[in-house]
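Data from work_35.csv: CSV, C-alpha atoms
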chain,number,residue,atom,x,y,z
A,23,MET,CA,-22.0,5.3,-23.8
A,24,ALA,CA,-19.4,6.4,-21.3
A,25,HIS,CA,-16.2,4.4,-21.3
A,26,THR,CA,-14.5,3.2,-18.2
A,27,THR,CA,-10.9,2.0,-17.6
A,28,GLU,CA,-12.4,-1.5,-17.6
A,29,GLN,CA,-13.5,-1.4,-21.3
A,30,ASN,CA,-11.8,-2.1,-24.6
A,31,LEU,CA,-12.3,1.2,-26.4
A,32,ASP,CA,-12.7,-0.5,-29.8
A,33,ASP,CA,-15.6,-2.9,-28.9
A,34,GLU,CA,-16.6,-1.8,-25.4
A,35,THR,CA,-16.0,-5.3,-24.0
A,36,ILE,CA,-14.9,-5.5,-20.4
A,37,VAL,CA,-11.2,-6.0,-19.9
A,38,PRO,CA,-11.0,-8.9,-17.4
A,39,HIS,CA,-9.2,-8.2,-14.1
A,40,ASP,CA,-8.9,-9.1,-10.5
A,41,ASP,CA,-8.5,-5.6,-9.1
A,42,THR,CA,-9.8,-3.7,-6.2
A,43,ASN,CA,-11.0,-0.1,-5.6
A,44,MET,CA,-7.9,0.7,-3.5
A,45,VAL,CA,-6.3,4.1,-4.2
A,46,PHE,CA,-2.5,4.2,-4.5
A,47,TYR,CA,-0.3,7.2,-4.3
A,48,PHE,CA,2.4,8.3,-6.8
A,49,THR,CA,4.0,11.4,-8.1
A,50,SER,CA,5.0,11.7,-11.7
A,51,PRO,CA,6.8,14.4,-13.7
A,52,ALA,CA,5.0,12.9,-16.7
A,53,PHE,CA,1.6,13.9,-15.3
A,54,ASN,CA,2.8,16.9,-13.3
A,55,LEU,CA,1.7,15.3,-10.1
A,56,PRO,CA,3.2,17.1,-7.0
A,57,ASP,CA,4.5,15.3,-4.0
A,58,ASP,CA,2.0,15.7,-1.1
A,59,PRO,CA,3.3,13.9,2.0
A,60,ALA,CA,0.0,14.2,3.8
A,61,ASP,CA,-1.9,12.6,0.9
A,62,HIS,CA,0.7,9.9,0.6
A,63,GLN,CA,0.5,9.1,4.3
A,64,ALA,CA,-3.3,9.1,4.2
A,65,LYS,CA,-3.4,6.7,1.2
A,66,LEU,CA,-0.9,4.3,2.8
A,67,THR,CA,-2.9,4.4,6.0
A,68,VAL,CA,-6.0,3.4,4.2
A,69,LEU,CA,-4.2,0.6,2.4
A,70,ARG,CA,-2.7,-0.6,5.7
A,71,GLN,CA,-6.1,-0.6,7.4
A,72,ALA,CA,-7.8,-2.4,4.6
A,73,VAL,CA,-5.4,-5.4,4.8
A,74,ARG,CA,-6.6,-8.1,7.2
A,75,LEU,CA,-3.8,-10.3,8.3
A,76,SER,CA,-4.4,-13.7,9.9
A,77,GLN,CA,-2.0,-12.9,12.7
A,78,PRO,CA,-2.4,-9.8,15.0
A,79,ARG,CA,0.7,-7.6,15.2
A,80,GLN,CA,1.7,-8.5,18.7
A,81,THR,CA,1.6,-12.2,18.1
A,82,VAL,CA,4.6,-12.4,15.8
A,83,PRO,CA,7.9,-10.6,15.7
A,84,ASP,CA,7.2,-7.1,14.4
A,85,ALA,CA,9.6,-7.3,11.4
A,86,GLU,CA,7.8,-10.5,10.3
A,87,TRP,CA,4.4,-8.8,10.7
A,88,VAL,CA,5.4,-5.7,8.7
A,89,ASP,CA,6.8,-8.1,6.0
A,90,LEU,CA,3.4,-9.9,5.9
A,91,LEU,CA,1.6,-6.5,5.6
A,92,SER,CA,3.9,-5.3,2.9
A,93,THR,CA,3.5,-8.5,0.9
A,94,GLU,CA,-0.3,-8.2,1.0
A,95,ILE,CA,-0.2,-4.6,-0.1
A,96,ARG,CA,2.3,-5.5,-2.9
A,97,SER,CA,-0.1,-8.2,-4.0
A,98,ILE,CA,-3.0,-5.7,-4.2
A,99,LEU,CA,-0.8,-3.4,-6.2
A,100,GLU,CA,0.3,-6.2,-8.6
A,101,LYS,CA,-3.3,-6.8,-9.4
A,102,ARG,CA,-3.8,-3.1,-10.2
A,103,VAL,CA,-0.6,-2.9,-12.3
A,104,GLN,CA,-1.7,-6.0,-14.2
A,105,HIS,CA,-5.2,-4.5,-14.8
A,106,VAL,CA,-3.7,-1.2,-16.1
A,107,SER,CA,-1.1,-3.0,-18.2
A,108,ASP,CA,-3.8,-5.3,-19.8
A,109,TRP,CA,-6.0,-2.3,-20.5
A,110,VAL,CA,-3.2,-0.4,-22.2
A,111,THR,CA,-2.1,-3.4,-24.2
A,112,ILE,CA,-5.6,-4.1,-25.4
A,113,ASN,CA,-6.4,-0.5,-26.2
A,114,THR,CA,-3.2,0.3,-28.0
A,115,ALA,CA,-2.8,-3.0,-29.9
A,116,ARG,CA,-3.5,-1.4,-33.2
A,117,PHE,CA,-0.8,1.2,-32.6
A,118,SER,CA,1.8,-1.0,-30.9
A,119,SER,CA,4.8,0.4,-32.8
A,120,ASN,CA,3.6,4.0,-32.8
A,121,ALA,CA,6.0,6.4,-31.0
A,122,GLU,CA,3.3,7.7,-28.7
A,123,THR,CA,2.3,4.2,-27.7
A,124,LEU,CA,5.9,3.4,-26.9
A,125,LYS,CA,6.1,6.6,-24.9
A,126,LEU,CA,2.9,5.6,-23.0
A,127,ARG,CA,4.5,2.3,-22.1
A,128,ARG,CA,7.6,4.1,-20.7
A,129,ILE,CA,5.4,6.4,-18.7
A,130,LEU,CA,3.5,3.5,-17.4
A,131,ASP,CA,6.7,1.7,-16.4
A,132,SER,CA,7.9,4.8,-14.6
A,133,ALA,CA,4.6,5.2,-12.8
A,134,VAL,CA,4.8,1.5,-11.7
A,135,VAL,CA,8.2,2.1,-10.1
A,136,ASP,CA,6.9,5.3,-8.5
A,137,VAL,CA,3.8,3.7,-7.0
A,138,GLN,CA,5.8,0.7,-5.8
A,139,ALA,CA,8.1,3.1,-3.9
A,140,GLY,CA,4.9,4.7,-2.5
A,141,ILE,CA,3.8,1.6,-0.7
A,142,GLU,CA,7.1,1.1,1.2
A,143,PHE,CA,7.0,1.6,5.0
A,144,CYS,CA,9.7,3.5,6.8
A,145,ARG,CA,10.5,0.6,9.2
A,146,ALA,CA,12.6,2.6,11.6
A,147,GLN,CA,11.9,2.2,15.3
A,148,CYS,CA,8.9,4.0,16.6
A,149,ALA,CA,9.7,7.1,18.6
A,150,GLU,CA,7.6,5.8,21.6
A,151,CYS,CA,8.2,2.0,21.5
A,152,GLU,CA,10.2,-0.7,19.9
A,153,LEU,CA,7.8,-1.4,17.0
A,154,LEU,CA,8.5,-0.5,13.4
A,155,CYS,CA,7.3,2.8,11.9
A,156,LEU,CA,4.5,2.4,9.4
A,157,LEU,CA,4.7,5.8,7.9
A,158,PRO,CA,5.8,6.1,4.3
A,159,ARG,CA,9.6,6.1,3.6
A,160,ARG,CA,11.2,9.5,3.8
A,161,HIS,CA,8.5,11.0,6.0
A,162,GLU,CA,9.1,14.2,7.9
A,163,LYS,CA,7.3,13.4,11.2
A,164,ALA,CA,8.6,11.4,14.2
A,165,HIS,CA,8.6,7.6,13.6
A,166,GLU,CA,5.2,6.2,14.4
A,167,CYS,CA,4.1,2.5,14.7
A,168,THR,CA,0.4,3.5,14.5
A,169,THR,CA,-0.5,1.5,17.6
A,170,SER,CA,-1.8,2.7,21.1
A,171,HIS,CA,1.7,1.7,22.5
A,172,ARG,CA,0.0,-0.6,24.9
A,173,CYS,CA,0.2,-4.4,25.1
A,174,ARG,CA,-3.1,-5.9,24.0
A,175,PHE,CA,-2.8,-8.9,26.3
A,176,ARG,CA,-3.6,-9.6,29.9
A,177,CYS,CA,-0.8,-9.2,32.4
A,178,GLU,CA,1.0,-12.5,32.9
A,179,ILE,CA,2.2,-11.7,36.4
A,180,VAL,CA,-0.5,-13.0,38.8
A,181,ASP,CA,1.2,-12.0,42.1
A,182,GLY,CA,-0.1,-8.8,43.4
A,183,HIS,CA,-3.3,-8.8,41.4
A,184,ASP,CA,-6.7,-9.7,42.7
A,185,GLU,CA,-7.8,-10.5,39.2
A,186,GLN,CA,-6.1,-10.6,35.8
A,187,GLU,CA,-5.6,-7.0,34.5
A,188,PRO,CA,-4.6,-5.6,31.2
A,189,CYS,CA,-0.8,-5.5,30.7
A,190,GLY,CA,0.5,-2.0,31.5
A,191,LEU,CA,3.7,-2.4,29.4
A,192,PRO,CA,4.3,-0.9,26.0
Whole structure, structure tokens version:
Amino acid sequence: MAHTTEQNLDDETIVPHDDTNMVFYFTSPAFNLPDDPADHQAKLTVLRQAVRLSQPRQTVPDAEWVDLLSTEIRSILEKRVQHVSDWVTINTARFSSNAETLKLRRILDSAVVDVQAGIEFCRAQCAECELLCLLPRRHEKAHECTTSHRCRFRCEIVDGHDEQEPCGLP
């Protein structure tokens, strides 16, 4: 029988978890994983798009909206970290004081710090508008808010319009 990361390797029982299928990005010298900015940005974009907030971006101050988004992504990551930690704990219980098990724990702790850094947004001001940049920290491109740079509401100025038109302001 093939083992999955959800199983106890000793008795093949499922390790209980409240995890998702989301893919996170991290680099790690311990695993010889190179830093790939394009891959990092793509994974952060998928995470950002998967999160459904109760408030649309243009209905609250942007810093507050980005904080809400970051909190939701961190919550998803915490579930993943807990799942992996539980799996490692269960599957190394017989070897808890073994040097290799302790090394694995240090590698896991380092990977957690790295992946936590990987979900941080730049938060500088977008190059085209006043919204915050949603690219990964330390990106090389121009700051990008990932919006259309157009107001999503109808124009509030009624004078000069025959009917209510979309707002033309960024």
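Summary of the local environment: counting all atoms listed in the file, residues at most 7 Å from region 165-168 of chain A, other than itself and those fewer than 6 positions away along its chain, are A:Ala146, A:Gln147, A:Cys148, A:Ala149, A:Leu153, A:Leu154, A:Cys155, A:Leu156, A:Leu157.
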If we count only C-alpha atoms, what is near region 90-102 of chain A at a cut-off of 7 Å, once residues fewer than 3 positions away on the same chain are taken out, given as a PyMOL selection string? chain A and resi 40-41+73+86-87+105-106
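We find CA of Pro83 (chain A) and CA of His62 (chain A) to be spaced 26.5 Å apart.
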Under the rule that all atoms listed in the file are counted, which of A:Lys163, A:Arg74, A:Thr81, A:Ser107 is the nearest residue to Val134 (chain A)? A:Ser107
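The shell of residues at most 10 Å from Gly140 (chain A), with only C-alpha atoms counted and near chain neighbours (fewer than 4 positions) removed, consists of A:Phe46, A:Tyr47, A:Phe48, A:Thr49, A:His62, A:Gln63, A:Lys65, A:Leu66, A:Val134, A:Val135, A:Asp136, A:Pro158, A:Arg159.
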What lies within 9 Å of Leu126 (chain A) using all atoms listed in the file, ignoring chain neighbours under 5 positions off, as a ChimeraX atom specification? /A:110,121,131
Taking into account only C-alpha atoms, which residue in the set A:Val88, A:Asn113, A:Pro78, A:Ser118 is nearest to Cys144 (chain A)? A:Val88
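Checking A:Asp33, A:Phe117, A:Thr42, A:Pro59 one by one against Glu162 (chain A), counting only C-alpha atoms, you find the shortest gap at A:Pro59.
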In Å to one decimal, how far is CA of Asn43 (chain A) from CA of Ala72 (chain A)? 10.9 Å
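Between CA of Asn54 (chain A) and CA of Ile129 (chain A) the separation is 12.1 Å.
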